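A.B. asks: I'd like to ask you about the structure that follows.
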Amino acid sequence: SNDTMVEIPNVAGMVTDSLIKIETAARRKQLPITVAQTRPELDDTFFVNIIGRGYPSPTNRFRWCTERMKIDPTSRYIRNLVESNGEVIILLGARKSESASRSQALANREITGSRLRTHSTLPRCLVSTPIEDWSTNDVWAYLFQVPSPWGGNNRALFGLYKQAEGGECPLVVDQSTPSCGNSRFGCWTCTVVETDKAMKGFIDSGDEKLEPLLEFRDWLKNAREKREWRERSRKNGVAKLSNGEDAWGPFTMEARQSILRRLLETEMETDMRLISVDELLYIQRLWQQGDRFGSDTDFSVSRILQEVKGTLMDGYAQFLEDGEDKLLRDICKRNGVPLETMERLRAAEEKVAHLNRRDGIFDDLDSILGESIETFGRN
């Protein structure tokens, strides 16, 4: 399973519960089954890119999220398995009846005389689609008639889809009755779609705790259209497009801070953890390093956390402001390295970290080390 870290909470809860049950049942029955959950690298998470780098929320024209958060983590995992085993077969629940494009994609990868298909991007990887000819009705009929071998609750799964449809999800008695299961459970932050029907369905079915998340999603979608919240040029310096229109750059630093504040306020309102400590630390580092539009050296992540959550809330503020520095002090003390030297080396590197070419950085580092030896002596 892949966790984008912004899954719809009740869907993520059911997935996690299922993984635990599968792993427990496999262990109990001594089956060679391993459960794994992939996640995007810290550098690729949704909020690190939105808040840390100022990426505008995804659109159909700039859909930067899917590859970073879903495709790359899973592909990495599969490539590691290929490297260890030489070849892998992936079982997918893809079905021809899902859409014309899905049916065409399945047809394009067929291997003559085989029930397996080639994978579109991964070498030494074959694909099996055992239910490709099933309808949605076939899927539910099977799930209701065959108990889950790991003890999962298929009626609870049906209930989840029913909620996503706004409570309207009848059992099919003839072909004129709409099927359940047409909902797509994506990220709760998804701004590619005009309306998040699944989230709205959950809320309409009584799951009111998700309402602040939907409000944040709608607010973030509208935020990218605010001209004053966007830089006047792109990160590559382009200010005018080929058609003569003004370029819209990333979110400004002030906008990013507003997004972080709104997200933390949503956390407070829902009592949910929506962004991790690691992401917050990484965002603070990106802000300090800065880019061509400027930098933030005032520990604004810590300041905003203190203002929204209070100085003692989860120990966030102190950890953000002192955590990395304390770690550096401890390492220097253990290895007999002057803290001042390490601070100067780090500052020199961070000053050019966002540049493609770092001309002169090695001369700067040599100079700092030379001065340190003169001041503190060799160790």
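A note on labels: chains of the structure tokens are A, B, ... as shown, every chain counts residues from 1, and ligands are counted from 1 in their shown order.
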For A:Leu42, find every residue with an atom within 9 Å (counting only C-alpha atoms), except residues of its own chain fewer than 6 positions away, and show them as a PDB file with N, CA and C atoms, in the first residue's frame.

C.D. replies:
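Okay, selection-v6.pdb is ready:
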```pdb
ATOM      1  N   VAL A  48       5.692  19.861   2.177  1.00  0.00           N
ATOM      2  CA  VAL A  48       7.064  20.356   1.990  1.00  0.00           C
ATOM      3  C   VAL A  48       7.145  21.155   0.691  1.00  0.00           C
ATOM      4  N   ASP A 278       8.776  16.092  11.219  1.00  0.00           N
ATOM      5  CA  ASP A 278       9.869  16.054  10.245  1.00  0.00           C
ATOM      6  C   ASP A 278       9.618  17.024   9.089  1.00  0.00           C
ATOM      7  N   GLU A 279       8.368  17.105   8.641  1.00  0.00           N
ATOM      8  CA  GLU A 279       8.046  18.044   7.568  1.00  0.00           C
ATOM      9  C   GLU A 279       8.233  19.491   8.030  1.00  0.00           C
ATOM     10  N   TYR A 282      11.864  20.303   8.092  1.00  0.00           N
ATOM     11  CA  TYR A 282      12.391  20.418   6.736  1.00  0.00           C
ATOM     12  C   TYR A 282      11.962  21.740   6.111  1.00  0.00           C
TER      13      TYR A 282
END
```

A.B. asks: Which polymer residues have any atom within 7 Å of an atom of A:Thr252, counting only C-alpha atoms, with same-chain residues fewer than 6 positions away left out, as number ranges by chain?

C.D. replies: A: 54, 229-231

A.B. asks: Can those selected residues be exported to a file as a JSON list (two decimals), in the first residue's frame so that it contains N, CA and C atoms?

C.D. replies:
```json
[["chain", "number", "residue", "atom", "x", "y", "z"],
["A", 54, "GLY", "N", 6.87, 26.59, -1.97],
["A", 54, "GLY", "CA", 5.93, 27.54, -2.56],
["A", 54, "GLY", "C", 5.27, 27.05, -3.83],
["A", 229, "TRP", "N", -0.49, 36.70, -3.94],
["A", 229, "TRP", "CA", 0.14, 35.61, -3.19],
["A", 229, "TRP", "C", 1.20, 34.89, -4.01],
["A", 230, "ARG", "N", 1.39, 35.30, -5.28],
["A", 230, "ARG", "CA", 2.33, 34.61, -6.15],
["A", 230, "ARG", "C", 3.45, 35.55, -6.57],
["A", 231, "GLU", "N", 4.66, 34.99, -6.68],
["A", 231, "GLU", "CA", 5.80, 35.77, -7.16],
["A", 231, "GLU", "C", 5.57, 36.19, -8.61]]
```

A.B. asks: Considering only C-alpha atoms, can you say which of A:Arg285, A:Lys333, A:Arg39, A:Lys209 comes closest to A:Pro9?

C.D. replies: A:Lys209

A.B. asks: What's the 12 Å shell around A:Gly249, counting only C-alpha atoms, without same-chain residues fewer than 3 positions away, as a PyMOL selection string?

C.D. replies: chain A and resi 53-57+224-241+246+252-253+292-293

A.B. asks: With C-alpha atoms retained, write the just-selected residues as a PDB file, in the first residue's frame.

C.D. replies:
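Output (out-v3.pdb):
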```
ATOM      1  CA  ARG A  53       9.059  25.569  -1.722  1.00  0.00           C
ATOM      2  CA  GLY A  54       5.932  27.538  -2.561  1.00  0.00           C
ATOM      3  CA  TYR A  55       4.644  25.221  -5.282  1.00  0.00           C
ATOM      4  CA  PRO A  56       1.113  26.237  -6.301  1.00  0.00           C
ATOM      5  CA  SER A  57      -1.505  23.624  -5.462  1.00  0.00           C
ATOM      6  CA  ARG A 224      -3.331  29.796  -5.987  1.00  0.00           C
ATOM      7  CA  GLU A 225      -5.518  32.223  -7.954  1.00  0.00           C
ATOM      8  CA  LYS A 226      -4.593  35.206  -5.750  1.00  0.00           C
ATOM      9  CA  ARG A 227      -2.127  37.268  -7.776  1.00  0.00           C
ATOM     10  CA  GLU A 228      -0.740  39.000  -4.695  1.00  0.00           C
ATOM     11  CA  TRP A 229       0.137  35.607  -3.190  1.00  0.00           C
ATOM     12  CA  ARG A 230       2.328  34.606  -6.151  1.00  0.00           C
ATOM     13  CA  GLU A 231       5.797  35.765  -7.156  1.00  0.00           C
ATOM     14  CA  ARG A 232       6.045  37.828 -10.364  1.00  0.00           C
ATOM     15  CA  SER A 233       8.425  35.398 -12.046  1.00  0.00           C
ATOM     16  CA  ARG A 234       9.105  31.699 -12.027  1.00  0.00           C
ATOM     17  CA  LYS A 235      12.011  30.061 -10.214  1.00  0.00           C
ATOM     18  CA  ASN A 236      13.987  29.990 -13.475  1.00  0.00           C
ATOM     19  CA  GLY A 237      13.662  33.771 -13.733  1.00  0.00           C
ATOM     20  CA  VAL A 238      11.039  33.832 -16.509  1.00  0.00           C
ATOM     21  CA  ALA A 239       8.689  36.787 -15.984  1.00  0.00           C
ATOM     22  CA  LYS A 240       6.902  36.750 -19.341  1.00  0.00           C
ATOM     23  CA  LEU A 241       5.425  33.775 -21.186  1.00  0.00           C
ATOM     24  CA  ASP A 246       2.814  37.635 -17.096  1.00  0.00           C
ATOM     25  CA  THR A 252       5.429  34.190  -1.790  1.00  0.00           C
ATOM     26  CA  MET A 253       7.009  33.642   1.616  1.00  0.00           C
ATOM     27  CA  ARG A 292      16.084  33.593  -5.567  1.00  0.00           C
ATOM     28  CA  PHE A 293      13.064  35.293  -3.966  1.00  0.00           C
TER      29      PHE A 293
END
```

A.B. asks: Find the residues around A:Ile90 up to 7 Å (only C-alpha atoms counted), leave out those fewer than 6 positions away in its own chain, and share them as a list in words.

C.D. replies: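 Returned residues: Leu126, Val127 and Ser128 of chain A.
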
A.B. asks: For the selection you just gave me, I'd like the residues written to a file as a PDB file, in the first residue's frame, keeping N, CA, C and O atoms.

C.D. replies:
```pdb
ATOM      1  N   LEU A 126       6.360  -7.858 -14.655  1.00  0.00           N
ATOM      2  CA  LEU A 126       5.170  -8.276 -15.384  1.00  0.00           C
ATOM      3  C   LEU A 126       3.934  -7.986 -14.538  1.00  0.00           C
ATOM      4  O   LEU A 126       4.016  -7.881 -13.311  1.00  0.00           O
ATOM      5  N   VAL A 127       2.791  -7.877 -15.198  1.00  0.00           N
ATOM      6  CA  VAL A 127       1.562  -7.488 -14.510  1.00  0.00           C
ATOM      7  C   VAL A 127       0.478  -8.530 -14.754  1.00  0.00           C
ATOM      8  O   VAL A 127       0.256  -8.960 -15.896  1.00  0.00           O
ATOM      9  N   SER A 128      -0.192  -8.926 -13.682  1.00  0.00           N
ATOM     10  CA  SER A 128      -1.347  -9.819 -13.767  1.00  0.00           C
ATOM     11  C   SER A 128      -2.584  -9.050 -13.315  1.00  0.00           C
ATOM     12  O   SER A 128      -2.557  -8.362 -12.298  1.00  0.00           O
TER      13      SER A 128
END
```

A.B. asks: Name the residues in contact with A:Ala12 at a cut-off of 12 Å, using only C-alpha atoms, excluding same-chain residues fewer than 6 positions from it; report them as a PyMOL selection string.

C.D. replies: chain A and resi 1-6+18-19+37+160+185-188

A.B. asks: Since we have the selection now, will you write its residues out, keeping N, CA, C and O atoms, as a CSV table (one decimal), in the first residue's frame?

C.D. replies:
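Output contents, as saved in result-v5.csv:
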```
chain,number,residue,atom,x,y,z
A,1,SER,N,0.8,-1.2,0.0
A,1,SER,CA,0.0,0.0,0.0
A,1,SER,C,0.9,1.2,0.0
A,1,SER,O,2.0,1.2,0.6
A,2,ASN,N,0.4,2.3,-0.7
A,2,ASN,CA,1.1,3.5,-0.7
A,2,ASN,C,0.4,4.6,0.1
A,2,ASN,O,-0.8,4.8,0.0
A,3,ASP,N,1.1,5.2,1.1
A,3,ASP,CA,0.5,6.3,1.9
A,3,ASP,C,1.1,7.6,1.4
A,3,ASP,O,2.3,7.9,1.6
A,4,THR,N,0.3,8.5,0.8
A,4,THR,CA,0.8,9.8,0.3
A,4,THR,C,1.0,10.8,1.5
A,4,THR,O,1.5,11.8,1.3
A,5,MET,N,0.5,10.4,2.7
A,5,MET,CA,0.6,11.2,3.9
A,5,MET,C,-0.5,12.3,3.9
A,5,MET,O,-0.6,13.1,4.8
A,6,VAL,N,-1.3,12.3,2.9
A,6,VAL,CA,-2.5,13.2,2.9
A,6,VAL,C,-3.7,12.4,2.4
A,6,VAL,O,-4.6,12.9,1.7
A,18,SER,N,-6.6,-2.9,7.8
A,18,SER,CA,-6.5,-4.1,6.9
A,18,SER,C,-5.1,-4.7,6.8
A,18,SER,O,-4.8,-5.9,6.8
A,19,LEU,N,-4.1,-3.8,6.7
A,19,LEU,CA,-2.7,-4.2,6.6
A,19,LEU,C,-2.3,-5.0,7.9
A,19,LEU,O,-1.6,-6.0,7.8
A,37,GLN,N,4.3,-0.7,3.5
A,37,GLN,CA,3.6,0.5,3.1
A,37,GLN,C,4.6,1.6,2.7
A,37,GLN,O,5.5,1.9,3.5
A,160,LEU,N,-18.1,2.2,3.6
A,160,LEU,CA,-17.2,3.3,3.3
A,160,LEU,C,-17.5,3.9,1.9
A,160,LEU,O,-17.6,5.1,1.8
A,185,PHE,N,-10.9,7.4,-4.0
A,185,PHE,CA,-10.4,7.9,-2.8
A,185,PHE,C,-9.0,8.5,-3.0
A,185,PHE,O,-8.0,7.7,-3.1
A,186,GLY,N,-8.9,9.7,-3.2
A,186,GLY,CA,-7.6,10.4,-3.5
A,186,GLY,C,-7.2,11.1,-2.2
A,186,GLY,O,-7.6,10.7,-1.1
A,187,CYS,N,-6.3,12.0,-2.4
A,187,CYS,CA,-5.8,12.8,-1.2
A,187,CYS,C,-6.8,13.8,-0.8
A,187,CYS,O,-7.5,14.4,-1.6
A,188,TRP,N,-6.9,14.1,0.5
A,188,TRP,CA,-7.9,15.1,1.0
A,188,TRP,C,-7.5,16.5,0.6
A,188,TRP,O,-8.3,17.4,0.5
```

A.B. asks: For A:Ile283, please output as a count of residues only all residues within 12 Å (counting only C-alpha atoms; exclusion window: fewer than 5 positions along the same chain).

C.D. replies: 31

A.B. asks: Write out as an NGL selection string each polymer residue whose atoms come within 12 Å of stretch 113-125 of chain A, counting only C-alpha atoms; drop sequence neighbours fewer than 2 positions from it.

C.D. replies: :A and (71-72 or 74-92 or 105-111 or 127-132)

A.B. asks: Can you write out the residues you just picked, keeping C-alpha atoms, as a PDB file, in the first residue's frame?

C.D. replies:
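Output (out-v5.pdb):
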```pdb
ATOM      1  CA  ILE A  71       4.442   6.599  -8.370  1.00  0.00           C
ATOM      2  CA  ASP A  72       8.019   7.183  -7.181  1.00  0.00           C
ATOM      3  CA  THR A  74       6.005   2.429  -5.150  1.00  0.00           C
ATOM      4  CA  SER A  75       8.386   2.213  -8.121  1.00  0.00           C
ATOM      5  CA  ARG A  76      11.364   2.436  -5.764  1.00  0.00           C
ATOM      6  CA  TYR A  77       9.980  -0.434  -3.710  1.00  0.00           C
ATOM      7  CA  ILE A  78       9.351  -2.569  -6.820  1.00  0.00           C
ATOM      8  CA  ARG A  79      12.794  -1.822  -8.298  1.00  0.00           C
ATOM      9  CA  ASN A  80      14.389  -2.969  -5.032  1.00  0.00           C
ATOM     10  CA  LEU A  81      12.425  -6.224  -5.265  1.00  0.00           C
ATOM     11  CA  VAL A  82      13.540  -6.684  -8.879  1.00  0.00           C
ATOM     12  CA  GLU A  83      17.139  -6.105  -7.849  1.00  0.00           C
ATOM     13  CA  SER A  84      16.824  -8.743  -5.100  1.00  0.00           C
ATOM     14  CA  ASN A  85      14.814 -11.322  -7.051  1.00  0.00           C
ATOM     15  CA  GLY A  86      15.553 -10.722 -10.725  1.00  0.00           C
ATOM     16  CA  GLU A  87      11.902 -10.363 -11.726  1.00  0.00           C
ATOM     17  CA  VAL A  88       8.537  -9.583 -10.164  1.00  0.00           C
ATOM     18  CA  ILE A  89       4.866 -10.021 -11.018  1.00  0.00           C
ATOM     19  CA  ILE A  90       2.457  -7.322  -9.865  1.00  0.00           C
ATOM     20  CA  LEU A  91      -1.178  -8.237  -9.290  1.00  0.00           C
ATOM     21  CA  LEU A  92      -3.472  -5.294 -10.031  1.00  0.00           C
ATOM     22  CA  ALA A 105      -4.250   0.698 -21.551  1.00  0.00           C
ATOM     23  CA  LEU A 106      -4.753  -2.962 -20.642  1.00  0.00           C
ATOM     24  CA  ALA A 107      -5.015  -3.935 -24.304  1.00  0.00           C
ATOM     25  CA  ASN A 108      -1.811  -2.091 -25.205  1.00  0.00           C
ATOM     26  CA  ARG A 109       0.345  -4.086 -22.780  1.00  0.00           C
ATOM     27  CA  GLU A 110      -0.828  -7.606 -23.688  1.00  0.00           C
ATOM     28  CA  ILE A 111       1.706 -10.353 -24.390  1.00  0.00           C
ATOM     29  CA  VAL A 127       1.562  -7.488 -14.510  1.00  0.00           C
ATOM     30  CA  SER A 128      -1.347  -9.819 -13.767  1.00  0.00           C
ATOM     31  CA  THR A 129      -4.919  -8.465 -13.759  1.00  0.00           C
ATOM     32  CA  PRO A 130      -7.031 -11.371 -12.453  1.00  0.00           C
ATOM     33  CA  ILE A 131     -10.350  -9.468 -12.310  1.00  0.00           C
ATOM     34  CA  GLU A 132      -9.962  -7.418 -15.509  1.00  0.00           C
TER      35      GLU A 132
END
```

A.B. asks: Looking at A:Leu369, A:Ala348, A:Val193, A:Met272, which one is nearest to A:Arg63, with distances taken over only C-alpha atoms?

C.D. replies: A:Val193

A.B. asks: Ranking A:Leu345, A:Val192, A:Ala25, A:Ala100 by minimum distance to A:Pro149 and counting only C-alpha atoms, which one comes first?

C.D. replies: A:Ala25

A.B. asks: If I take atom CA of A:Leu214 and atom CA of A:Asp17, how far is one from the other in Å, to one decimal?

C.D. replies: 23.8 Å

A.B. asks: Enumerate, as a list of chain:residue names, the complete set of residues in stretch 43-247 of chain A that a backbone-based DSSP assignment places in strand (DSSP E).

C.D. replies: A:Val88, A:Ile89, A:Ile90, A:Leu91, A:Leu116, A:Arg117, A:Thr118, A:Cys125, A:Leu126, A:Val127, A:Ser128

A.B. asks: Grab the residues selected above and save them as an mmCIF file, in the first residue's frame with all heavy atoms.

C.D. replies:
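Saved the output as again16.cif:
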```cif
data_model
loop_
_atom_site.group_PDB
_atom_site.id
_atom_site.type_symbol
_atom_site.label_atom_id
_atom_site.label_comp_id
_atom_site.auth_asym_id
_atom_site.auth_seq_id
_atom_site.Cartn_x
_atom_site.Cartn_y
_atom_site.Cartn_z
ATOM 1 N N VAL A 88 9.720 -9.589 -11.031
ATOM 2 C CA VAL A 88 8.537 -9.583 -10.164
ATOM 3 C C VAL A 88 7.271 -9.609 -11.008
ATOM 4 O O VAL A 88 7.289 -9.249 -12.186
ATOM 5 C CB VAL A 88 8.487 -8.329 -9.246
ATOM 6 C CG1 VAL A 88 9.692 -8.257 -8.332
ATOM 7 C CG2 VAL A 88 8.335 -7.061 -10.060
ATOM 8 N N ILE A 89 6.192 -10.079 -10.409
ATOM 9 C CA ILE A 89 4.866 -10.021 -11.018
ATOM 10 C C ILE A 89 3.974 -9.198 -10.095
ATOM 11 O O ILE A 89 3.870 -9.485 -8.896
ATOM 12 C CB ILE A 89 4.257 -11.421 -11.226
ATOM 13 C CG1 ILE A 89 5.117 -12.229 -12.203
ATOM 14 C CG2 ILE A 89 2.821 -11.307 -11.736
ATOM 15 C CD1 ILE A 89 4.644 -13.662 -12.380
ATOM 16 N N ILE A 90 3.359 -8.170 -10.644
ATOM 17 C CA ILE A 90 2.457 -7.322 -9.865
ATOM 18 C C ILE A 90 1.020 -7.736 -10.159
ATOM 19 O O ILE A 90 0.625 -7.862 -11.324
ATOM 20 C CB ILE A 90 2.635 -5.838 -10.240
ATOM 21 C CG1 ILE A 90 4.074 -5.396 -9.987
ATOM 22 C CG2 ILE A 90 1.679 -4.959 -9.456
ATOM 23 C CD1 ILE A 90 4.349 -3.969 -10.430
ATOM 24 N N LEU A 91 0.243 -7.968 -9.133
ATOM 25 C CA LEU A 91 -1.178 -8.237 -9.290
ATOM 26 C C LEU A 91 -1.939 -6.940 -9.083
ATOM 27 O O LEU A 91 -1.831 -6.310 -8.026
ATOM 28 C CB LEU A 91 -1.663 -9.280 -8.262
ATOM 29 C CG LEU A 91 -1.539 -10.746 -8.686
ATOM 30 C CD1 LEU A 91 -0.076 -11.147 -8.770
ATOM 31 C CD2 LEU A 91 -2.287 -11.636 -7.714
ATOM 32 N N LEU A 116 -0.142 -12.622 -18.758
ATOM 33 C CA LEU A 116 0.595 -11.521 -18.139
ATOM 34 C C LEU A 116 0.780 -10.381 -19.133
ATOM 35 O O LEU A 116 0.666 -10.573 -20.350
ATOM 36 C CB LEU A 116 1.966 -12.007 -17.646
ATOM 37 C CG LEU A 116 1.948 -13.112 -16.584
ATOM 38 C CD1 LEU A 116 3.374 -13.548 -16.271
ATOM 39 C CD2 LEU A 116 1.241 -12.651 -15.324
ATOM 40 N N ARG A 117 1.069 -9.217 -18.613
ATOM 41 C CA ARG A 117 1.336 -8.040 -19.431
ATOM 42 C C ARG A 117 2.696 -7.464 -19.057
ATOM 43 O O ARG A 117 3.184 -7.681 -17.955
ATOM 44 C CB ARG A 117 0.257 -6.972 -19.203
ATOM 45 C CG ARG A 117 -1.098 -7.316 -19.771
ATOM 46 C CD ARG A 117 -2.107 -6.230 -19.434
ATOM 47 N NE ARG A 117 -3.328 -6.373 -20.226
ATOM 48 C CZ ARG A 117 -4.307 -7.199 -19.924
ATOM 49 N NH1 ARG A 117 -4.231 -7.945 -18.834
ATOM 50 N NH2 ARG A 117 -5.389 -7.279 -20.697
ATOM 51 N N THR A 118 3.257 -6.672 -19.960
ATOM 52 C CA THR A 118 4.468 -5.939 -19.609
ATOM 53 C C THR A 118 4.072 -4.702 -18.808
ATOM 54 O O THR A 118 2.951 -4.187 -18.943
ATOM 55 C CB THR A 118 5.221 -5.492 -20.873
ATOM 56 O OG1 THR A 118 4.358 -4.688 -21.672
ATOM 57 C CG2 THR A 118 5.696 -6.700 -21.669
ATOM 58 N N CYS A 125 9.455 -6.490 -14.983
ATOM 59 C CA CYS A 125 8.275 -6.438 -14.145
ATOM 60 C C CYS A 125 7.057 -6.779 -15.014
ATOM 61 O O CYS A 125 6.786 -6.097 -15.999
ATOM 62 C CB CYS A 125 8.126 -5.043 -13.529
ATOM 63 S SG CYS A 125 6.658 -4.859 -12.533
ATOM 64 N N LEU A 126 6.360 -7.858 -14.655
ATOM 65 C CA LEU A 126 5.170 -8.276 -15.384
ATOM 66 C C LEU A 126 3.934 -7.986 -14.538
ATOM 67 O O LEU A 126 4.016 -7.881 -13.311
ATOM 68 C CB LEU A 126 5.252 -9.766 -15.728
ATOM 69 C CG LEU A 126 6.425 -10.158 -16.643
ATOM 70 C CD1 LEU A 126 6.551 -11.669 -16.728
ATOM 71 C CD2 LEU A 126 6.245 -9.549 -18.024
ATOM 72 N N VAL A 127 2.791 -7.877 -15.198
ATOM 73 C CA VAL A 127 1.562 -7.488 -14.510
ATOM 74 C C VAL A 127 0.478 -8.530 -14.754
ATOM 75 O O VAL A 127 0.256 -8.960 -15.896
ATOM 76 C CB VAL A 127 1.066 -6.113 -15.001
ATOM 77 C CG1 VAL A 127 -0.258 -5.752 -14.339
ATOM 78 C CG2 VAL A 127 2.115 -5.042 -14.711
ATOM 79 N N SER A 128 -0.192 -8.926 -13.682
ATOM 80 C CA SER A 128 -1.347 -9.819 -13.767
ATOM 81 C C SER A 128 -2.584 -9.050 -13.315
ATOM 82 O O SER A 128 -2.557 -8.362 -12.298
ATOM 83 C CB SER A 128 -1.143 -11.049 -12.869
ATOM 84 O OG SER A 128 -2.331 -11.821 -12.796
#
```

A.B. asks: Go through A:Arg262, A:Lys326, A:Arg334, A:Arg346 one by one, measure the shortest atom-to-atom distance of each to A:Leu305 using only C-alpha atoms, and give the residue with the smallest value.

C.D. replies: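 Of all the options, A:Arg262 lies closest to A:Leu305.
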
A.B. asks: Pick from A:Glu374, A:Pro58, A:Glu67, A:Ser148: nearest to A:Pro250, with only C-alpha atoms counted?

C.D. replies: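 For A:Pro250, the nearest of the given residues is A:Pro58.
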
A.B. asks: Just list the residues in stretch 28-173 of chain A DSSP gives alpha helix (DSSP H) on the backbone, as a PyMOL selection string.

C.D. replies: chain A and resi 28+46-47+65-66+72-85+100-108+136-145+154-164

A.B. asks: Between atom CA of A:Leu274 and atom CA of A:Leu286, measure the distance and give it in Å to one decimal.

C.D. replies: 19.3 Å
